[in-house]
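Printed here is data.pdb (PDB, C-alpha atoms and all ligand atoms):
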```pdb
ATOM      1  CA  MET A 885     137.598  12.103  90.741
ATOM      2  CA  GLU A 886     135.349  11.370  93.691
ATOM      3  CA  ASN A 887     134.853   7.749  92.655
ATOM      4  CA  GLN A 888     138.567   7.081  92.774
ATOM      5  CA  ILE A 889     141.018   5.715  95.280
ATOM      6  CA  SER A 890     142.110   8.833  97.153
ATOM      7  CA  GLY A 891     145.429   7.756  98.604
ATOM      8  CA  ILE A 892     146.164   5.796 101.759
ATOM      9  CA  HIS A 893     143.402   5.454 104.364
ATOM     10  CA  HIS A 894     145.305   3.679 107.161
ATOM     11  CA  ILE A 895     148.178   1.309 107.793
ATOM     12  CA  THR A 896     147.997  -1.546 110.292
ATOM     13  CA  ALA A 897     151.089  -3.006 111.921
ATOM     14  CA  ILE A 898     151.966  -5.473 114.660
ATOM     15  CA  ALA A 899     153.639  -4.496 117.919
ATOM     16  CA  GLY A 900     154.835  -6.271 121.053
ATOM     17  CA  ASN A 901     154.203  -4.615 124.416
ATOM     18  CA  ALA A 902     151.098  -2.381 124.408
ATOM     19  CA  LYS A 903     152.319   0.155 126.980
ATOM     20  CA  ARG A 904     155.609   0.653 125.164
ATOM     21  CA  ASN A 905     153.764   1.101 121.862
ATOM     22  CA  LEU A 906     151.383   3.677 123.346
ATOM     23  CA  GLY A 907     154.243   5.600 124.991
ATOM     24  CA  PHE A 908     156.316   5.735 121.846
ATOM     25  CA  TYR A 909     153.579   6.935 119.518
ATOM     26  CA  THR A 910     151.842   9.409 121.810
ATOM     27  CA  LYS A 911     154.857  10.779 123.692
ATOM     28  CA  VAL A 912     158.038  10.294 121.658
ATOM     29  CA  ILE A 913     156.644  11.070 118.210
ATOM     30  CA  GLY A 914     153.538  12.906 119.405
ATOM     31  CA  LEU A 915     150.650  11.377 117.482
ATOM     32  CA  ARG A 916     147.115  11.537 118.820
ATOM     33  CA  LEU A 917     145.566   8.313 120.108
ATOM     34  CA  VAL A 918     142.290   8.683 118.198
ATOM     35  CA  LYS A 919     140.768   5.336 119.141
ATOM     36  CA  LYS A 920     141.397   2.794 121.867
ATOM     37  CA  THR A 921     139.500  -0.381 121.122
ATOM     38  CA  VAL A 922     140.092  -4.132 120.921
ATOM     39  CA  ASN A 923     140.868  -6.539 118.114
ATOM     40  CA  PHE A 924     137.371  -7.473 116.904
ATOM     41  CA  ASP A 925     138.533 -11.075 116.343
ATOM     42  CA  ASP A 926     140.425 -11.294 119.663
ATOM     43  CA  PRO A 927     138.942  -8.892 122.254
ATOM     44  CA  HIS A 928     141.666  -9.582 124.827
ATOM     45  CA  THR A 929     144.082  -7.693 122.572
ATOM     46  CA  TYR A 930     144.071  -3.929 122.135
ATOM     47  CA  HIS A 931     143.684  -2.169 118.821
ATOM     48  CA  PHE A 932     145.218   1.316 118.929
ATOM     49  CA  TYR A 933     144.633   3.951 116.258
ATOM     50  CA  TYR A 934     147.023   6.914 116.075
ATOM     51  CA  GLY A 935     146.411   9.910 113.847
ATOM     52  CA  ASN A 936     146.344  13.663 113.492
ATOM     53  CA  LYS A 937     144.183  16.160 115.366
ATOM     54  CA  ASN A 938     140.904  15.222 113.698
ATOM     55  CA  GLY A 939     141.683  11.558 112.998
ATOM     56  CA  ALA A 940     141.560  12.103 109.245
ATOM     57  CA  PRO A 941     141.961   9.226 106.785
ATOM     58  CA  GLY A 942     145.517   9.325 105.454
ATOM     59  CA  THR A 943     146.963   9.912 108.936
ATOM     60  CA  ILE A 944     145.870   6.715 110.704
ATOM     61  CA  LEU A 945     148.402   4.138 111.867
ATOM     62  CA  THR A 946     146.906   1.233 113.807
ATOM     63  CA  PHE A 947     148.508  -1.490 115.913
ATOM     64  CA  PHE A 948     147.624  -4.840 117.333
ATOM     65  CA  PRO A 949     149.998  -5.211 120.303
ATOM     66  CA  TRP A 950     150.658  -8.873 121.100
ATOM     67  CA  GLU A 951     152.862  -9.190 124.174
ATOM     68  CA  SER A 952     154.683 -12.364 123.169
ATOM     69  CA  ILE A 953     154.902 -11.914 119.383
ATOM     70  CA  SER A 954     158.218 -12.839 117.777
ATOM     71  CA  ALA A 955     160.012 -10.327 115.571
ATOM     72  CA  GLY A 956     159.106 -10.124 111.893
ATOM     73  CA  ARG A 957     161.583  -9.658 109.079
ATOM     74  CA  ARG A 958     161.556  -7.072 106.297
ATOM     75  CA  GLY A 959     161.584  -8.468 102.782
ATOM     76  CA  THR A 960     159.620  -8.682  99.585
ATOM     77  CA  ARG A 961     155.823  -8.943  99.425
ATOM     78  CA  GLN A 962     155.610  -6.338 102.214
ATOM     79  CA  VAL A 963     155.188  -2.688 102.998
ATOM     80  CA  THR A 964     158.676  -2.155 104.407
ATOM     81  CA  GLU A 965     158.669   1.592 105.159
ATOM     82  CA  ILE A 966     156.014   4.025 106.342
ATOM     83  CA  GLY A 967     156.557   7.652 105.380
ATOM     84  CA  TYR A 968     155.184  10.620 107.330
ATOM     85  CA  SER A 969     155.289  14.210 106.212
ATOM     86  CA  VAL A 970     156.811  16.859 108.504
ATOM     87  CA  PRO A 971     157.249  20.626 108.031
ATOM     88  CA  GLU A 972     160.212  22.180 106.306
ATOM     89  CA  GLY A 973     163.045  22.881 108.745
ATOM     90  CA  SER A 974     161.883  20.281 111.300
ATOM     91  CA  LEU A 975     164.362  17.458 110.641
ATOM     92  CA  ASP A 976     166.993  18.859 113.032
ATOM     93  CA  PHE A 977     164.390  18.891 115.797
ATOM     94  CA  TRP A 978     163.618  15.231 115.090
ATOM     95  CA  LEU A 979     167.288  14.221 114.970
ATOM     96  CA  LYS A 980     167.803  15.755 118.390
ATOM     97  CA  ARG A 981     164.621  14.176 119.750
ATOM     98  CA  PHE A 982     165.603  10.702 118.506
ATOM     99  CA  GLU A 983     169.017  11.124 120.098
ATOM    100  CA  GLU A 984     167.444  12.127 123.442
ATOM    101  CA  HIS A 985     164.950   9.241 123.432
ATOM    102  CA  ASN A 986     167.369   6.524 122.283
ATOM    103  CA  VAL A 987     165.497   6.009 119.038
ATOM    104  CA  ILE A 988     167.461   4.216 116.319
ATOM    105  CA  TYR A 989     167.787   6.556 113.336
ATOM    106  CA  ASN A 990     169.914   7.205 110.285
ATOM    107  CA  LYS A 991     171.380  10.454 108.991
ATOM    108  CA  THR A 992     169.175  12.491 106.665
ATOM    109  CA  ALA A 993     169.206  11.577 102.984
ATOM    110  CA  LYS A 994     167.426  12.565  99.788
ATOM    111  CA  LYS A 995     165.275  10.668  97.294
ATOM    112  CA  PHE A 996     162.905  11.872  94.615
ATOM    113  CA  GLY A 997     164.089  15.394  95.416
ATOM    114  CA  GLU A 998     162.881  15.257  99.038
ATOM    115  CA  GLN A 999     164.865  15.203 102.275
ATOM    116  CA  TYR A1000     164.021  12.454 104.712
ATOM    117  CA  LEU A1001     165.100  10.903 107.982
ATOM    118  CA  THR A1002     164.762   7.174 108.751
ATOM    119  CA  PHE A1003     163.986   5.785 112.211
ATOM    120  CA  LEU A1004     162.780   2.575 113.862
ATOM    121  CA  ASP A1005     160.037   2.193 116.453
ATOM    122  CA  PRO A1006     160.726   0.037 119.564
ATOM    123  CA  ASP A1007     159.643  -3.130 117.691
ATOM    124  CA  GLY A1008     161.833  -2.359 114.666
ATOM    125  CA  LEU A1009     159.113  -0.987 112.373
ATOM    126  CA  LYS A1010     160.760   1.330 109.859
ATOM    127  CA  PHE A1011     159.680   4.924 109.201
ATOM    128  CA  GLU A1012     160.718   7.930 107.206
ATOM    129  CA  LEU A1013     160.007  11.555 108.069
ATOM    130  CA  THR A1014     159.935  13.464 104.789
ATOM    131  CA  VAL A1015     159.729  17.151 104.001
ATOM    132  CA  PRO A1016     157.353  17.073 101.040
ATOM    133  CA  GLN A1017     157.816  19.336  98.021
ATOM    134  CA  LYS A1018     154.330  20.759  98.550
ATOM    135  CA  THR A1019     153.386  22.175 101.993
ATOM    136  CA  ASP A1020     151.140  19.810 103.952
ATOM    137  CA  THR A1021     148.187  21.703 105.433
ATOM    138  CA  ARG A1022     146.702  18.869 107.513
ATOM    139  CA  LEU A1023     145.969  19.682 111.171
ATOM    140  CA  PRO A1024     148.739  18.384 113.421
ATOM    141  CA  TRP A1025     148.271  17.103 116.973
ATOM    142  CA  GLU A1026     150.357  19.180 119.353
ATOM    143  CA  THR A1027     151.874  17.961 122.609
ATOM    144  CA  ASN A1028     153.834  19.696 125.386
ATOM    145  CA  ASP A1029     157.052  18.685 123.653
ATOM    146  CA  ILE A1030     156.108  18.935 119.987
ATOM    147  CA  ASP A1031     154.382  22.002 118.603
ATOM    148  CA  SER A1032     152.988  22.515 115.120
ATOM    149  CA  GLU A1033     156.284  23.824 113.768
ATOM    150  CA  TYR A1034     157.631  20.256 114.009
ATOM    151  CA  ALA A1035     154.636  17.932 114.382
ATOM    152  CA  ILE A1036     153.936  15.024 112.032
ATOM    153  CA  ARG A1037     151.135  15.844 109.550
ATOM    154  CA  GLY A1038     150.128  12.373 108.358
ATOM    155  CA  PHE A1039     151.273   9.858 105.772
ATOM    156  CA  HIS A1040     153.370  10.958 102.837
ATOM    157  CA  ASN A1041     154.225   7.634 101.210
ATOM    158  CA  ILE A1042     154.704   3.944 101.747
ATOM    159  CA  THR A1043     157.387   1.720 100.259
ATOM    160  CA  ILE A1044     156.577  -1.774  99.038
ATOM    161  CA  THR A1045     159.578  -4.052  98.551
ATOM    162  CA  THR A1046     159.148  -6.508  95.723
ATOM    163  CA  ALA A1047     161.141  -8.850  93.487
ATOM    164  CA  ASP A1048     159.254  -7.550  90.424
ATOM    165  CA  ILE A1049     157.210  -4.348  90.361
ATOM    166  CA  LYS A1050     154.947  -5.349  87.470
ATOM    167  CA  PRO A1051     152.077  -7.233  89.208
ATOM    168  CA  THR A1052     151.607  -4.568  91.911
ATOM    169  CA  ALA A1053     152.157  -1.711  89.450
ATOM    170  CA  TYR A1054     149.310  -3.118  87.352
ATOM    171  CA  ILE A1055     146.865  -2.822  90.284
ATOM    172  CA  LEU A1056     148.094   0.663  91.160
ATOM    173  CA  THR A1057     147.915   2.079  87.652
ATOM    174  CA  GLU A1058     145.106   0.140  85.958
ATOM    175  CA  ILE A1059     142.723  -0.285  88.909
ATOM    176  CA  PHE A1060     143.607   2.391  91.473
ATOM    177  CA  GLY A1061     144.383   5.256  89.064
ATOM    178  CA  TYR A1062     148.003   5.879  90.108
ATOM    179  CA  GLN A1063     150.682   6.982  87.643
ATOM    180  CA  LEU A1064     154.388   6.267  87.567
ATOM    181  CA  MET A1065     155.910   9.648  88.383
ATOM    182  CA  GLU A1066     159.622   8.956  88.652
ATOM    183  CA  GLN A1067     162.253   6.244  88.798
ATOM    184  CA  GLU A1068     165.564   6.394  90.681
ATOM    185  CA  VAL A1069     167.691   3.285  90.101
ATOM    186  CA  ASN A1070     165.508   0.439  91.512
ATOM    187  CA  ARG A1071     162.972   2.755  93.152
ATOM    188  CA  TYR A1072     159.698   3.641  91.449
ATOM    189  CA  ARG A1073     157.389   6.381  92.670
ATOM    190  CA  PHE A1074     153.661   6.116  91.901
ATOM    191  CA  ILE A1075     151.243   8.933  92.686
ATOM    192  CA  THR A1076     147.534   9.588  92.424
ATOM    193  CA  ASN A1077     146.163  13.029  91.629
ATOM    194  CA  SER A1078     142.922  12.121  93.451
ATOM    195  CA  ALA A1079     144.419  13.019  96.839
ATOM    196  CA  ASP A1080     146.236  16.078  98.207
ATOM    197  CA  ASN A1081     148.379  13.975 100.505
ATOM    198  CA  ALA A1082     149.122  10.339 101.431
ATOM    199  CA  ALA A1083     149.080  10.015  97.645
ATOM    200  CA  ILE A1084     152.402   8.241  97.025
ATOM    201  CA  VAL A1085     153.280   4.549  96.742
ATOM    202  CA  ASP A1086     156.963   3.814  96.207
ATOM    203  CA  MET A1087     158.206   0.435  95.123
ATOM    204  CA  ALA A1088     161.728  -0.851  95.660
ATOM    205  CA  GLU A1089     162.517  -3.644  93.203
ATOM    206  CA  VAL A1090     164.993  -6.112  94.693
ATOM    207  CA  PRO A1091     165.148  -9.324  92.622
ATOM    208  CA  GLY A1092     166.472 -12.247  94.630
ATOM    209  CA  GLU A1093     165.499 -10.735  97.986
ATOM    210  CA  LYS A1094     163.699 -13.135 100.344
ATOM    211  CA  ALA A1095     160.031 -12.704 101.197
ATOM    212  CA  GLY A1096     159.463 -10.835 104.441
ATOM    213  CA  HIS A1097     157.870 -12.371 107.499
ATOM    214  CA  VAL A1098     154.906 -10.521 108.983
ATOM    215  CA  ALA A1099     155.132 -10.515 112.808
ATOM    216  CA  GLY A1100     156.248  -7.986 115.456
ATOM    217  CA  GLY A1101     157.504  -4.711 113.992
ATOM    218  CA  SER A1102     156.047  -5.243 110.544
ATOM    219  CA  VAL A1103     153.145  -3.962 108.510
ATOM    220  CA  HIS A1104     150.149  -6.275 108.356
ATOM    221  CA  HIS A1105     148.255  -4.423 105.628
ATOM    222  CA  VAL A1106     147.762  -1.071 103.956
ATOM    223  CA  ALA A1107     144.287   0.340 103.391
ATOM    224  CA  PHE A1108     143.467   2.617 100.470
ATOM    225  CA  ARG A1109     140.793   5.233 100.757
ATOM    226  CA  VAL A1110     137.411   5.406  99.032
ATOM    227  CA  ARG A1111     134.716   7.960  99.624
ATOM    228  CA  ASP A1112     131.736   5.739 100.441
ATOM    229  CA  GLU A1113     130.273   2.245 100.307
ATOM    230  CA  GLU A1114     129.024   2.626  96.764
ATOM    231  CA  THR A1115     132.561   3.328  95.545
ATOM    232  CA  LEU A1116     133.831   0.485  97.732
ATOM    233  CA  MET A1117     131.503  -2.021  96.097
ATOM    234  CA  ALA A1118     132.336  -0.772  92.596
ATOM    235  CA  TYR A1119     135.981  -1.564  93.359
ATOM    236  CA  ARG A1120     134.967  -4.969  94.673
ATOM    237  CA  GLU A1121     133.616  -5.813  91.233
ATOM    238  CA  LYS A1122     136.673  -4.476  89.426
ATOM    239  CA  ILE A1123     139.033  -6.526  91.573
ATOM    240  CA  ALA A1124     136.923  -9.695  91.473
ATOM    241  CA  SER A1125     136.794  -9.399  87.669
ATOM    242  CA  LEU A1126     140.598  -9.827  87.615
ATOM    243  CA  GLY A1127     140.092 -13.247  89.195
ATOM    244  CA  LEU A1128     141.471 -12.108  92.562
ATOM    245  CA  HIS A1129     139.837 -13.249  95.775
ATOM    246  CA  ILE A1130     138.282 -10.336  97.677
ATOM    247  CA  THR A1131     136.299 -10.436 100.922
ATOM    248  CA  GLU A1132     132.713  -9.385 101.449
ATOM    249  CA  LYS A1133     132.128  -5.923 102.883
ATOM    250  CA  ILE A1134     133.160  -5.857 106.564
ATOM    251  CA  ASP A1135     131.890  -3.314 109.105
ATOM    252  CA  ARG A1136     134.883  -2.028 111.095
ATOM    253  CA  ASN A1137     132.742   0.416 113.120
ATOM    254  CA  TYR A1138     134.792   3.437 111.915
ATOM    255  CA  PHE A1139     134.831   2.454 108.225
ATOM    256  CA  TYR A1140     133.668  -0.288 105.871
ATOM    257  CA  SER A1141     136.316  -2.556 104.412
ATOM    258  CA  LEU A1142     137.257  -5.068 101.777
ATOM    259  CA  TYR A1143     140.507  -7.047 101.794
ATOM    260  CA  PHE A1144     142.411  -8.685  98.981
ATOM    261  CA  ARG A1145     145.959  -9.875  98.445
ATOM    262  CA  GLU A1146     147.386  -8.034  95.451
ATOM    263  CA  PRO A1147     149.278 -10.217  92.962
ATOM    264  CA  GLY A1148     152.637  -8.985  94.318
ATOM    265  CA  GLY A1149     151.741 -10.532  97.693
ATOM    266  CA  VAL A1150     150.869  -7.515  99.858
ATOM    267  CA  LEU A1151     147.573  -7.531 101.762
ATOM    268  CA  PHE A1152     145.565  -4.527 100.548
ATOM    269  CA  GLU A1153     142.395  -3.180 102.102
ATOM    270  CA  LEU A1154     139.932  -0.657 100.736
ATOM    271  CA  ALA A1155     138.272   1.467 103.430
ATOM    272  CA  THR A1156     135.582   4.140 103.351
ATOM    273  CA  ASP A1157     135.755   7.666 104.763
ATOM    274  CA  ASN A1158     132.403   7.085 106.479
ATOM    275  CA  PRO A1159     131.454   6.992 109.290
ATOM    276  CA  GLY A1160     134.802   8.048 110.835
ATOM    277  CA  PHE A1161     136.167   8.052 114.379
ATOM    278  CA  SER A1162     133.677  10.456 115.917
ATOM    279  CA  VAL A1163     130.874   7.914 115.426
ATOM    280  CA  ASP A1164     131.175   6.723 119.054
ATOM    281  CA  GLU A1165     132.908   9.563 120.929
ATOM    282  CA  PRO A1166     133.089  13.326 120.250
ATOM    283  CA  GLU A1167     136.122  14.662 118.402
ATOM    284  CA  GLU A1168     137.560  16.387 121.491
ATOM    285  CA  GLU A1169     137.428  13.085 123.433
ATOM    286  CA  LEU A1170     138.828  10.790 120.740
ATOM    287  CA  GLY A1171     140.948   8.003 122.216
ATOM    288  CA  THR A1172     140.096   8.766 125.851
ATOM    289  CA  HIS A1173     137.626   5.896 126.397
ATOM    290  CA  LEU A1174     137.923   2.167 125.789
ATOM    291  CA  LYS A1175     135.440   1.669 122.951
ATOM    292  CA  LEU A1176     134.071  -1.821 122.380
ATOM    293  CA  PRO A1177     132.066  -2.982 119.396
ATOM    294  CA  VAL A1178     128.470  -3.749 120.304
ATOM    295  CA  GLN A1179     128.985  -7.542 120.356
ATOM    296  CA  TYR A1180     131.487  -7.220 123.231
ATOM    297  CA  GLU A1181     129.801  -4.513 125.320
ATOM    298  CA  SER A1182     128.171  -7.092 127.634
ATOM    299  CA  ARG A1183     131.651  -8.543 128.331
ATOM    300  CA  ARG A1184     133.264  -5.149 129.116
ATOM    301  CA  LYS A1185     134.217  -5.945 132.719
ATOM    302  CA  GLU A1186     135.884  -9.245 131.857
ATOM    303  CA  ILE A1187     137.687  -7.688 128.851
ATOM    304  CA  GLU A1188     138.953  -4.696 130.864
ATOM    305  CA  GLU A1189     140.398  -7.052 133.474
ATOM    306  CA  VAL A1190     142.331  -9.096 130.930
ATOM    307  CA  LEU A1191     143.704  -6.296 128.711
ATOM    308  CA  PRO A1192     147.360  -5.429 129.349
ATOM    309  CA  GLU A1193     148.303  -2.669 131.787
ATOM    310  CA  LEU A1194     148.903   0.717 130.100
ATOM    311  CA  GLY A1195     149.481   3.038 133.068
TER     312      GLY A1195
HETATM  313 ZN    ZN B1201     142.826  -2.158 108.134
END
```

The structure given in the file should be rewritten as structure tokens.
Ligand code: ZN
Amino acid sequence: MENQISGIHHITAIAGNAKRNLGFYTKVIGLRLVKKTVNFDDPHTYHFYYGNKNGAPGTILTFFPWESISAGRRGTRQVTEIGYSVPEGSLDFWLKRFEEHNVIYNKTAKKFGEQYLTFLDPDGLKFELTVPQKTDTRLPWETNDIDSEYAIRGFHNITITTADIKPTAYILTEIFGYQLMEQEVNRYRFITNSADNAAIVDMAEVPGEKAGHVAGGSVHHVAFRVRDEETLMAYREKIASLGLHITEKIDRNYFYSLYFREPGGVLFELATDNPGFSVDEPEEELGTHLKLPVQYESRRKEIEEVLPELG
């Protein structure tokens, strides 16, 4: 069990305006900013990490905000929906909140036996708030407006849109240890029993649909969770043995990573639980300082001057 993929680690998406992104995620939907850093490949761009109270893997949504990015388009070869879990009885609260904050949303619906509510973030990124069948015990972040009775717990599922589920399903079931749990028309639900939550990958099979375009308001990649670097490198071998290109191990400061494009076209990452977000600031101060990787620390003043205004 412990040498398996244990669900989703984080999801990374692309946003436009940084201040608008920060306001929406921390105020409107009440996530915790658990890390404020820069894009390691482009230090004049922020990298925001939002999560639950303790910044646990499986709750982390990250953004690169690029002020002048054009809008992406949902389609195949993409993660098209991000699903969060919320407590039973909270959907009415969220409907009212979306109405008050001019958030675009849809009426509640049901799939795979679970009630959910769809909404869009200010860049058009698509989400679902789902009441899971099993109570989610993860620690929520509470704000003045959103207490634990309603607060988002962390990821529940993602949806990958694809013209043909088979190539991606092969990776999920034969390499990652997921099982097909249920099918509803063209929707397939895969689940791993190696995680208590963030354990679901749904696929929507839409033959003939155009490939999506990754830009503003779309998911860049999804990272799956492994326990440590030893497990990470064991997966590297498994994936390379399929003839797929996979990167070397990359140090992301808060986790170690590998990236590969799965045969269905979605960029997958594998990321370790160690060392976690409290490696460079204490848990109670997560997200309150601008943290720079060591290679940029000597340029801090110049970087701080160029980064977009958040206040
Ligand atoms: Zn990532």

Kindly provide, as lines of an AutoDock Vina configuration file, the centre and edge lengths (Å, one decimal) of an axis-aligned box around all atoms of region 898-908 of chain A given in the file, with 6 Å on each side.
```
center_x = 153.7
center_y = -0.3
center_z = 120.8
size_x = 17.2
size_y = 24.0
size_z = 24.3
```

Nearest-residue call for Gly967 (chain A), choices A:Gly939, A:Gly1171, A:Gly907, A:Pro1016, using all atoms listed in the file: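 Looking only at the distances to Gly967 (chain A), the closest residue turns out to be A:Pro1016.
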
Which residue of A:Thr896, A:Ser974, A:Thr1019, A:Ser1102 approaches ligand ZN 1201 (chain B) most closely, using only C-alpha atoms and all ligand atoms: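 Comparing A:Thr896, A:Ser974, A:Thr1019, A:Ser1102 against ligand ZN 1201 (chain B), the winner is A:Thr896.
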
Expansion of the PyMOL selection byres (((not hetatm)) within 12 of (chain B and resi 1201)) into residues, as a VMD selection string: chain A and resid 892 to 898 923 to 924 931 to 933 941 944 to 948 1103 to 1109 1134 to 1144 1151 to 1156

Expansion of the PyMOL selection byres (((chain A and resi 1041) around 6) and not hetatm) into residues, as JSON, numbers by chain: {"A": [967, 1039, 1040, 1042, 1082, 1084, 1085]}

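The nearest approach to Asp1029 (chain A) among the residues A:Asp1005, A:Pro1147, A:Val987, A:Leu915, with only C-alpha atoms taken into account, belongs to A:Leu915.
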
Å distance separating CA of Asn1081 (chain A) from CA of Ser969 (chain A), one decimal place: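 Result for CA of Asn1081 (chain A) versus CA of Ser969 (chain A): 9.0 Å, one decimal.
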
Length of the CA of Glu1114 (chain A) to CA of Asp1080 (chain A) vector [Å]: 21.9 Å

Residues matched by the PyMOL selection byres (((chain A and resi 1010) around 10) and not hetatm) as a PyMOL selection string: chain A and resi 958+963-967+988-989+1002-1009+1011-1012+1101-1103

Point-to-point distance from CA of Asn938 (chain A) to CA of Lys903 (chain A), Å rounded to tenths: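 Taking CA of Asn938 (chain A) and CA of Lys903 (chain A), their separation equals 23.1 Å.
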
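Nearest to Gly1160 (chain A) of all the residues A:Val918, A:Val912, A:Leu906, A:Leu975 is A:Val918, counting all atoms listed in the file.
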
For Phe977 (chain A), the nearest of the candidates A:Leu1176, A:Ile953, A:Ala1053, A:Ile1036, counting all atoms listed in the file: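 Checking each candidate against Phe977 (chain A), we get A:Ile1036 as the closest.
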
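Comparing A:Ala1099, A:Glu1033, A:Thr1076, A:Asp1164 by their smallest distance to Val1178 (chain A), the closest is A:Asp1164 (using all atoms listed in the file).
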
Gly900 (chain A) surroundings by all atoms listed in the file, 6 Å radius, close-in-sequence under 3 positions cut, as a list in words: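 Neighbouring residues, sequence-local ones excluded: Pro949, Trp950, Glu951 and Ile953 of chain A.
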
Val1015 (chain A) environment, 12 Å, all atoms listed in the file, sequence neighbours closer than 5 positions dropped, as a ChimeraX atom specification: /A:967-976,978,992-1001,1020,1034-1041
